[in-house]
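Student: The file below is input33.cif, mmCIF, C-alpha atoms:
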data_protein
loop_
_atom_site.label_atom_id
_atom_site.label_comp_id
_atom_site.auth_asym_id
_atom_site.auth_seq_id
_atom_site.Cartn_x
_atom_site.Cartn_y
_atom_site.Cartn_z
CA MET A 18 171.01 86.69 135.63
CA ARG A 19 171.98 90.22 136.53
CA VAL A 20 173.79 89.75 139.84
CA LEU A 21 174.51 92.41 142.45
CA LEU A 22 177.82 91.81 144.26
CA THR A 23 178.12 93.83 147.46
CA GLY A 24 181.81 94.26 148.26
CA GLY A 25 182.49 93.05 144.74
CA ALA A 26 185.72 95.06 144.36
CA GLY A 27 187.38 93.03 147.11
CA TYR A 28 189.48 89.87 146.93
CA ILE A 29 186.79 87.18 146.71
CA GLY A 30 184.23 89.50 145.13
CA SER A 31 186.42 90.41 142.16
CA HIS A 32 187.19 86.77 141.40
CA THR A 33 183.49 85.90 141.66
CA ALA A 34 182.66 88.78 139.30
CA LEU A 35 185.09 87.31 136.78
CA VAL A 36 183.55 83.83 136.95
CA LEU A 37 180.02 85.22 136.67
CA LEU A 38 180.95 87.23 133.58
CA GLU A 39 182.69 84.23 132.03
CA GLN A 40 179.52 82.18 132.54
CA GLY A 41 177.35 84.75 130.80
CA HIS A 42 175.84 86.63 133.72
CA ASP A 43 175.77 90.42 134.05
CA VAL A 44 177.44 91.93 137.11
CA VAL A 45 176.67 95.01 139.18
CA VAL A 46 179.16 95.82 141.95
CA VAL A 47 178.33 98.04 144.90
CA ASP A 48 181.34 98.82 147.08
CA ASP A 49 182.51 101.72 149.26
CA LEU A 50 186.15 100.82 148.36
CA SER A 51 187.24 100.73 152.00
CA ASN A 52 188.58 97.19 151.46
CA GLY A 53 188.19 96.88 147.68
CA ASN A 54 189.90 98.52 144.73
CA ARG A 55 188.37 99.85 141.53
CA ILE A 56 191.46 98.70 139.63
CA ALA A 57 190.51 95.08 140.38
CA LEU A 58 187.28 95.55 138.43
CA ASP A 59 189.10 97.25 135.57
CA ARG A 60 191.26 94.15 135.32
CA VAL A 61 188.24 91.84 135.51
CA GLU A 62 186.86 93.69 132.50
CA GLU A 63 190.22 93.36 130.76
CA LEU A 64 190.35 89.60 131.40
CA THR A 65 186.77 88.85 130.36
CA GLY A 66 186.22 91.45 127.64
CA ARG A 67 182.95 92.37 129.36
CA SER A 68 181.88 95.37 131.40
CA VAL A 69 180.99 95.63 135.09
CA THR A 70 178.46 98.15 136.32
CA PHE A 71 180.08 99.83 139.34
CA VAL A 72 178.19 101.76 142.01
CA GLN A 73 180.11 103.35 144.89
CA ALA A 74 177.96 103.33 148.02
CA ASP A 75 178.17 102.72 151.76
CA LEU A 76 175.60 100.05 152.57
CA THR A 77 175.43 101.12 156.21
CA ASN A 78 173.60 104.24 155.00
CA THR A 79 170.23 102.84 153.95
CA THR A 80 168.77 106.06 152.56
CA ALA A 81 171.83 106.95 150.49
CA THR A 82 172.17 103.39 149.17
CA ARG A 83 168.50 103.28 148.20
CA VAL A 84 168.93 106.51 146.22
CA THR A 85 172.20 105.41 144.64
CA LEU A 86 170.74 102.10 143.46
CA ALA A 87 167.41 103.59 142.37
CA ASN A 88 168.11 103.19 138.65
CA THR A 89 170.11 99.95 138.93
CA ASN A 90 168.31 96.68 138.26
CA PHE A 91 169.38 93.21 139.41
CA ASP A 92 167.86 89.75 139.85
CA ALA A 93 169.95 88.20 142.63
CA VAL A 94 172.52 89.22 145.26
CA VAL A 95 175.84 87.84 146.48
CA HIS A 96 176.66 89.63 149.73
CA PHE A 97 180.40 90.01 150.43
CA ALA A 98 180.41 93.52 151.92
CA GLY A 99 181.83 93.86 155.42
CA LEU A 100 184.95 94.24 157.51
CA LYS A 101 186.96 91.05 157.82
CA ALA A 102 190.10 91.33 160.01
CA VAL A 103 189.77 89.19 163.14
CA GLY A 104 192.38 91.05 165.19
CA GLU A 105 191.05 94.46 164.20
CA SER A 106 187.55 93.38 165.18
CA VAL A 107 188.75 92.80 168.75
CA GLU A 108 190.23 96.31 168.82
CA GLN A 109 187.23 97.97 167.12
CA PRO A 110 184.17 95.89 168.02
CA VAL A 111 181.55 98.63 167.65
CA ARG A 112 182.78 99.53 164.18
CA TYR A 113 182.65 95.86 163.13
CA TYR A 114 179.15 95.26 164.46
CA ARG A 115 177.83 98.51 162.99
CA THR A 116 179.35 97.91 159.55
CA ASN A 117 178.75 94.19 159.18
CA LEU A 118 175.21 94.13 160.57
CA ALA A 119 173.93 97.44 159.20
CA SER A 120 175.05 96.58 155.66
CA THR A 121 173.04 93.35 155.80
CA LEU A 122 169.95 95.11 157.17
CA THR A 123 170.12 97.69 154.39
CA LEU A 124 170.47 94.99 151.77
CA LEU A 125 167.52 92.99 153.10
CA ASP A 126 165.34 96.12 153.15
CA ILE A 127 166.16 96.92 149.53
CA MET A 128 165.64 93.31 148.44
CA ALA A 129 162.21 93.25 150.11
CA GLU A 130 161.19 96.56 148.52
CA ARG A 131 162.12 95.28 145.07
CA GLN A 132 160.93 91.70 145.59
CA ILE A 133 164.42 90.33 144.93
CA ASN A 134 164.37 86.84 146.41
CA THR A 135 167.75 85.19 145.78
CA LEU A 136 170.64 85.80 148.16
CA VAL A 137 174.01 84.11 148.62
CA PHE A 138 175.76 85.21 151.81
CA SER A 139 179.49 85.15 152.34
CA SER A 140 179.75 83.59 155.79
CA SER A 141 182.75 81.96 157.45
CA ALA A 142 183.92 78.87 159.28
CA THR A 143 184.49 81.18 162.26
CA VAL A 144 180.81 80.65 163.14
CA TYR A 145 181.83 77.19 164.40
CA GLY A 146 183.84 78.79 167.22
CA GLU A 147 186.25 76.22 168.59
CA PRO A 148 185.22 73.03 166.76
CA GLN A 149 185.09 69.87 168.82
CA THR A 150 186.31 67.76 165.90
CA PRO A 151 189.09 68.41 163.35
CA LEU A 152 186.72 67.66 160.42
CA VAL A 153 183.88 70.20 160.59
CA ALA A 154 180.48 69.53 158.98
CA GLU A 155 177.51 71.89 158.66
CA THR A 156 175.75 70.04 161.51
CA HIS A 157 178.40 71.17 164.00
CA HIS A 158 177.07 73.67 166.51
CA THR A 159 177.54 77.37 165.77
CA GLY A 160 177.70 80.42 168.00
CA VAL A 161 179.52 78.54 170.77
CA GLY A 162 183.06 79.50 171.76
CA LEU A 163 183.30 82.44 169.37
CA THR A 164 186.27 84.57 170.36
CA ASN A 165 186.03 87.76 168.29
CA PRO A 166 183.47 90.28 166.99
CA TYR A 167 184.18 89.33 163.37
CA GLY A 168 183.01 85.76 164.02
CA TRP A 169 180.05 86.98 166.05
CA SER A 170 179.03 89.34 163.24
CA LYS A 171 179.00 86.45 160.75
CA TYR A 172 176.95 84.33 163.15
CA MET A 173 174.51 87.20 163.79
CA ASN A 174 174.18 87.88 160.08
CA GLU A 175 173.32 84.24 159.43
CA GLN A 176 170.54 84.52 162.04
CA ILE A 177 169.25 87.84 160.67
CA ILE A 178 169.13 86.49 157.12
CA THR A 179 167.47 83.26 158.25
CA ASP A 180 164.79 85.17 160.15
CA ALA A 181 164.19 87.40 157.10
CA ALA A 182 163.75 84.28 154.95
CA VAL A 183 161.21 82.85 157.42
CA ALA A 184 159.21 86.06 157.12
CA ARG A 185 159.49 85.95 153.33
CA PRO A 186 158.89 82.31 152.30
CA ASP A 187 159.61 83.15 148.66
CA MET A 188 163.26 83.88 149.47
CA SER A 189 166.02 81.52 148.31
CA VAL A 190 169.06 81.88 150.57
CA VAL A 191 172.40 80.07 150.54
CA LEU A 192 174.81 80.60 153.45
CA LEU A 193 178.36 79.71 152.44
CA ARG A 194 180.79 79.00 155.27
CA TYR A 195 184.24 78.98 153.81
CA PHE A 196 187.52 78.18 155.38
CA ASN A 197 190.80 79.82 154.28
CA PRO A 198 190.73 81.46 150.82
CA VAL A 199 194.13 81.61 149.10
CA GLY A 200 195.67 82.09 145.68
CA ALA A 201 194.80 84.40 142.80
CA HIS A 202 193.63 84.33 139.21
CA PRO A 203 196.27 82.43 137.18
CA SER A 204 196.85 85.47 134.98
CA GLY A 205 198.36 87.33 137.92
CA ARG A 206 196.17 90.33 137.12
CA ILE A 207 193.88 90.09 140.17
CA GLY A 208 194.68 88.77 143.62
CA GLU A 209 194.67 89.47 147.34
CA ASP A 210 195.89 92.95 148.26
CA PRO A 211 195.45 93.33 152.02
CA ALA A 212 195.70 96.80 153.53
CA GLY A 213 198.48 97.07 156.09
CA ILE A 214 199.87 93.91 157.66
CA PRO A 215 198.21 90.78 156.21
CA ASN A 216 195.96 88.89 158.62
CA ASN A 217 196.13 85.63 156.68
CA LEU A 218 199.01 83.23 156.21
CA LEU A 219 199.55 83.02 152.47
CA PRO A 220 199.61 86.76 151.65
CA PHE A 221 202.04 87.24 154.52
CA ILE A 222 204.28 84.46 153.16
CA ALA A 223 204.07 86.04 149.70
CA GLN A 224 205.08 89.43 151.04
CA VAL A 225 208.06 87.87 152.83
CA ALA A 226 209.09 86.13 149.62
CA VAL A 227 208.85 89.34 147.57
CA GLY A 228 210.75 91.34 150.18
CA ARG A 229 207.99 93.47 151.71
CA ARG A 230 208.28 91.68 155.08
CA ASP A 231 211.39 90.44 156.86
CA LYS A 232 210.07 87.15 158.20
CA LEU A 233 207.02 85.13 159.13
CA SER A 234 205.99 84.42 162.71
CA VAL A 235 204.85 80.83 163.22
CA PHE A 236 202.60 80.76 166.27
CA GLY A 237 203.33 77.49 168.03
CA ASP A 238 205.25 74.39 166.94
CA ASP A 239 204.06 72.00 169.64
CA TYR A 240 200.56 71.13 168.43
CA ASP A 241 199.50 67.52 167.95
CA THR A 242 200.11 67.66 164.19
CA PRO A 243 202.73 65.99 161.99
CA ASP A 244 205.20 68.90 162.27
CA GLY A 245 203.82 70.63 165.37
CA THR A 246 202.35 73.63 163.54
CA GLY A 247 198.68 74.40 163.04
CA VAL A 248 196.81 72.67 160.20
CA ARG A 249 194.11 74.48 158.23
CA ASP A 250 191.97 73.91 155.14
CA TYR A 251 193.01 76.27 152.33
CA ILE A 252 190.72 76.77 149.33
CA HIS A 253 191.82 78.35 146.07
CA VAL A 254 189.94 81.60 145.49
CA MET A 255 188.94 80.47 141.98
CA ASP A 256 187.35 77.32 143.43
CA LEU A 257 185.63 79.55 145.97
CA ALA A 258 184.33 81.90 143.27
CA GLU A 259 182.96 78.94 141.33
CA GLY A 260 181.27 77.76 144.53
CA HIS A 261 179.35 81.04 144.75
CA VAL A 262 178.15 80.70 141.18
CA ALA A 263 177.12 77.09 141.85
CA ALA A 264 175.17 78.30 144.89
CA LEU A 265 173.38 80.93 142.78
CA ASN A 266 172.43 78.31 140.21
CA TYR A 267 171.16 75.90 142.86
CA ALA A 268 169.32 78.32 145.18
CA SER A 269 165.76 77.21 145.96
CA CYS A 270 163.14 78.43 148.41
CA GLY A 271 164.28 78.41 152.01
CA VAL A 272 167.75 78.55 153.57
CA GLN A 273 170.56 76.15 152.73
CA THR A 274 174.00 76.11 154.36
CA TYR A 275 177.20 74.71 152.87
CA ASN A 276 180.86 74.51 153.76
CA LEU A 277 183.24 75.51 150.99
CA GLY A 278 186.59 73.90 151.59
CA SER A 279 188.97 71.36 150.14
CA GLY A 280 188.73 68.77 152.90
CA VAL A 281 192.54 68.68 152.95
CA GLY A 282 194.69 70.10 155.76
CA THR A 283 198.00 71.92 155.29
CA SER A 284 200.31 72.90 158.14
CA VAL A 285 202.05 76.26 158.44
CA LEU A 286 205.47 74.77 157.70
CA GLU A 287 204.08 72.78 154.77
CA ALA A 288 202.71 76.06 153.42
CA VAL A 289 206.11 77.72 153.78
CA ARG A 290 207.88 74.90 151.96
CA ALA A 291 205.28 74.82 149.18
CA PHE A 292 205.64 78.55 148.60
CA GLU A 293 209.43 78.39 148.59
CA ALA A 294 209.22 75.65 145.96
CA VAL A 295 207.08 77.66 143.52
CA SER A 296 208.77 81.03 144.10
CA ASN A 297 212.33 79.76 144.34
CA ARG A 298 212.81 82.24 147.18
CA PRO A 299 213.45 81.67 150.88
CA VAL A 300 210.70 82.47 153.40
CA PRO A 301 212.47 83.16 156.72
CA TYR A 302 210.38 82.43 159.80
CA GLN A 303 210.62 82.40 163.55
CA ILE A 304 208.72 80.28 166.05
CA SER A 305 206.56 82.39 168.36
CA PRO A 306 204.30 81.42 171.28
CA ARG A 307 200.86 80.02 170.55
CA ARG A 308 198.02 82.50 170.14
CA SER A 309 195.06 82.19 172.47
CA GLY A 310 192.18 80.33 170.84
CA ASP A 311 194.19 78.76 168.03
CA LEU A 312 193.37 75.10 167.45
CA ALA A 313 195.65 72.34 166.21
CA THR A 314 193.59 71.26 163.18
CA VAL A 315 190.50 72.67 161.49
CA VAL A 316 189.45 71.13 158.16
CA ALA A 317 186.15 71.38 156.25
CA ASP A 318 183.87 68.47 155.56
CA PRO A 319 182.79 69.56 152.05
CA ARG A 320 180.64 66.56 151.15
CA LEU A 321 177.28 68.33 151.34
CA ALA A 322 178.34 70.96 148.79
CA GLN A 323 179.71 68.22 146.57
CA GLU A 324 176.39 66.37 146.72
CA LYS A 325 173.91 69.25 146.47
CA LEU A 326 175.75 71.99 144.56
CA LYS A 327 177.65 69.55 142.33
CA TRP A 328 180.75 71.57 143.27
CA GLN A 329 184.14 70.57 144.55
CA THR A 330 187.62 72.01 144.56
CA THR A 331 189.75 71.22 141.52
CA ARG A 332 192.90 73.15 142.45
CA THR A 333 195.58 72.13 144.93
CA PHE A 334 197.40 74.14 147.57
CA ALA A 335 200.47 74.07 145.31
CA ASP A 336 198.32 75.65 142.58
CA ALA A 337 197.30 78.36 145.03
CA CYS A 338 200.94 79.05 145.92
CA ARG A 339 201.89 79.25 142.25
CA ASP A 340 199.06 81.67 141.48
CA ALA A 341 199.64 83.75 144.60
CA TRP A 342 203.31 84.12 143.68
CA ASN A 343 202.42 84.99 140.10
CA TRP A 344 200.16 87.76 141.44
CA GLN A 345 202.64 89.00 144.06
CA SER A 346 205.67 88.98 141.77
CA GLN A 347 203.78 90.85 139.03
CA ASN A 348 202.25 93.27 141.53
CA PRO A 349 204.77 93.72 144.36
CA ALA A 350 202.90 96.84 145.49
CA GLY A 351 199.45 95.33 145.08
CA TYR A 352 196.98 97.46 143.15
CA GLY A 353 198.85 100.68 143.50
CA GLU A 354 200.09 101.94 146.86
CA THR A 355 203.69 103.18 146.81
CA VAL A 356 206.09 100.78 148.49
CA ARG A 357 209.74 99.86 148.21
CA VAL A 358 210.66 96.21 147.95
CA VAL A 359 213.83 94.25 147.29
CA ILE A 360 213.39 92.29 144.05
CA GLY A 361 216.82 90.91 143.33
CA SER A 362 220.52 90.89 143.96
CA PRO A 363 222.16 93.32 143.87
CA ALA A 364 219.34 95.06 145.72
CA ALA A 365 216.80 96.82 143.55
CA THR A 366 213.61 98.61 144.44
CA VAL A 367 210.25 98.91 142.82
CA GLU A 368 208.00 101.92 143.25
CA ARG A 369 204.41 101.97 142.05
CA THR A 370 202.36 105.13 141.95
CA LEU A 371 198.96 105.46 143.60
CA ASP A 372 197.08 105.40 140.31
CA ASP A 373 198.80 102.19 139.19
CA LYS A 374 199.82 103.91 135.95
CA ALA A 375 203.57 104.10 136.35
CA ILE A 376 206.25 101.81 137.67
CA SER A 377 209.97 102.38 137.94
CA THR A 378 212.77 100.01 138.79
CA ARG A 379 216.22 100.96 139.97
#
Write the structure described by the file as structure tokens, please.
Tutor:
Amino acid sequence: MRVLLTGGAGYIGSHTALVLLEQGHDVVVVDDLSNGNRIALDRVEELTGRSVTFVQADLTNTTATRVTLANTNFDAVVHFAGLKAVGESVEQPVRYYRTNLASTLTLLDIMAERQINTLVFSSSATVYGEPQTPLVAETHHTGVGLTNPYGWSKYMNEQIITDAAVARPDMSVVLLRYFNPVGAHPSGRIGEDPAGIPNNLLPFIAQVAVGRRDKLSVFGDDYDTPDGTGVRDYIHVMDLAEGHVAALNYASCGVQTYNLGSGVGTSVLEAVRAFEAVSNRPVPYQISPRRSGDLATVVADPRLAQEKLKWQTTRTFADACRDAWNWQSQNPAGYGETVRVVIGSPAATVERTLDDKAISTR
């Protein structure tokens, strides 16, 4: 197939592009580069020896996107595009709703105009709100107890896409609710490069280990868990990418929904210790008060995806830590912003230029 990846220059999108190319598909990426990086796609091409068709466009502008994609053909869509920081969504709710919903509406319009019927949507376990059980299956209620505009936007998008599929019975839609993506490609050439302060645990731990951050804040150590810290289900980004390709291959008429997770919980302190073991570096942390809305344990029930998509995770959390450290240590400044980080003793600094072409150590 020739697959359109919206937001394909981002973290999960770039890894999915790589897996699609490795499996013989052609890839078209449309991205406005607000959260993605063109360098990631250059490296995907380097790793696979195949080219990616890149189109820079803002999906919230329907007319401009329609014009930009006028001469670009594709057979199916994987929709990653959107803003994704939970905390930022609380501070900028209108921006999140406008971006995340308008991009989906534009995409559905263009798909209908071209009679493109296959869509895989990047949803999130946040649609479950505050789960009533630690092990969360697809049958759990959604849209109840949601605490932030990011989660609401994912829930609303699921409803919009489902309604569009009802109106177009020839559509084949897969909604993928994934839990906590972590890790990087084992080459260390592509990985997670969050703008500003990381919102997720593992990239923050990695930045502490490499010297970009002083310490990690652990929010609460008095939960009903083995060590008192929150337990979450972490899924290696390469497993996640393979899950998207499995969903594309399986898609059939109607709407199907699957969790993508490992089914295994890891606590915050277990994550810290695992990362210290693979990096051989300390990860200083401090215990901070609980955050409102945080739950003790949230783990995916992935059995439906295993049964229907013939997909399951094959990589462990330790693998994710190893690959994340390989990425972070090779790319202490991510894809190219200039930063100064301590990389050894005696203290040394690394500076990387904006175009990712030069690096100096002193």
Student: List the spatial neighbours of Pro186 of chain A as a list in words - criterion: any atom at most 12 Å away, all atoms listed in the file, same-chain residues fewer than 4 positions off excluded.
Tutor: Ala129, Gln132, Asn134, Thr135, Thr179, Asp180, Ala181, Ala182, Val190, Ser269, Cys270, Gly271 and Val272 of chain A
Student: Could you expand the PyMOL selection byres ((chain A and resi 56-59) around 8) into the explicit residues it covers here, written as a VMD selection string?
Tutor: chain A and resid 26 to 27 31 53 to 55 60 to 63 69 207 352
Student: Return the single residue from A:Gly280, A:Gly30, A:Gly351, A:Gly208 that is closest to Ala154 of chain A, with distances computed using all atoms listed in the file.
Tutor: A:Gly280
Student: Where does the PyMOL selection byres ((chain A and resi 75) around 9) land in this file, that is, which residues does it pick, as a list in words?
Tutor: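 This file gives the following for the PyMOL selection byres ((chain A and resi 75) around 9): Val47, Asp48, Asp49, Leu50, Gln73, Ala74, Leu76, Thr77, Asn78, Thr79, Ala81, Thr82 and Ser120 of chain A.
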Student: With the file shown as input, list the residues that the PyMOL selection byres ((chain A and resi 300) around 9) selects, as a ChimeraX atom specification.
Tutor: /A:222-223,225-226,231-233,289-290,292-293,298-299,301-302
Student: For segment 331-355 of chain A versus segment 241-258 of chain A, which residues have an atom no more than 12 Å away, and what is each residue's nearest atom pair and distance in Å rounded to one decimal, using only C-alpha atoms, chain-then-number order, as JSON lines?
Tutor:
{"residue": "A:Thr331", "atom": "CA", "partner": "A:Asp256", "partner_atom": "CA", "distance": 6.8}
{"residue": "A:Arg332", "atom": "CA", "partner": "A:His253", "partner_atom": "CA", "distance": 6.4}
{"residue": "A:Thr333", "atom": "CA", "partner": "A:His253", "partner_atom": "CA", "distance": 7.4}
{"residue": "A:Phe334", "atom": "CA", "partner": "A:Tyr251", "partner_atom": "CA", "distance": 6.8}
{"residue": "A:Ala335", "atom": "CA", "partner": "A:His253", "partner_atom": "CA", "distance": 9.7}
{"residue": "A:Asp336", "atom": "CA", "partner": "A:His253", "partner_atom": "CA", "distance": 7.9}
{"residue": "A:Ala337", "atom": "CA", "partner": "A:His253", "partner_atom": "CA", "distance": 5.6}
{"residue": "A:Cys338", "atom": "CA", "partner": "A:His253", "partner_atom": "CA", "distance": 9.1}
{"residue": "A:Arg339", "atom": "CA", "partner": "A:His253", "partner_atom": "CA", "distance": 10.8}
{"residue": "A:Asp340", "atom": "CA", "partner": "A:His253", "partner_atom": "CA", "distance": 9.2}
{"residue": "A:Ala341", "atom": "CA", "partner": "A:His253", "partner_atom": "CA", "distance": 9.6}
Student: So how many Å separate atom CA of Thr80 of chain A and atom CA of His32 of chain A, to one decimal?
Tutor: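 Between atom CA of Thr80 of chain A and atom CA of His32 of chain A the gap works out to 28.9 Å.
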Student: Quick one: pull the distance between atom CA of Phe91 of chain A and atom CA of Val45 of chain A, Å, one decimal.
Tutor: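 Here the two named atoms are 7.5 Å from each other.
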Student: Considering all atoms listed in the file, return as a list in words whatever protein or nucleic-acid residues lie within 12 Å of Tyr240 of chain A, sequence-local ones (same chain, fewer than 5 positions apart) excluded.
Tutor: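 So the residues in contact are Val235, Gly245, Thr246, Gly247, Val248, Ser284, Val285, Pro306, Arg307, Arg308, Asp311, Leu312, Ala313 and Thr314 of chain A.
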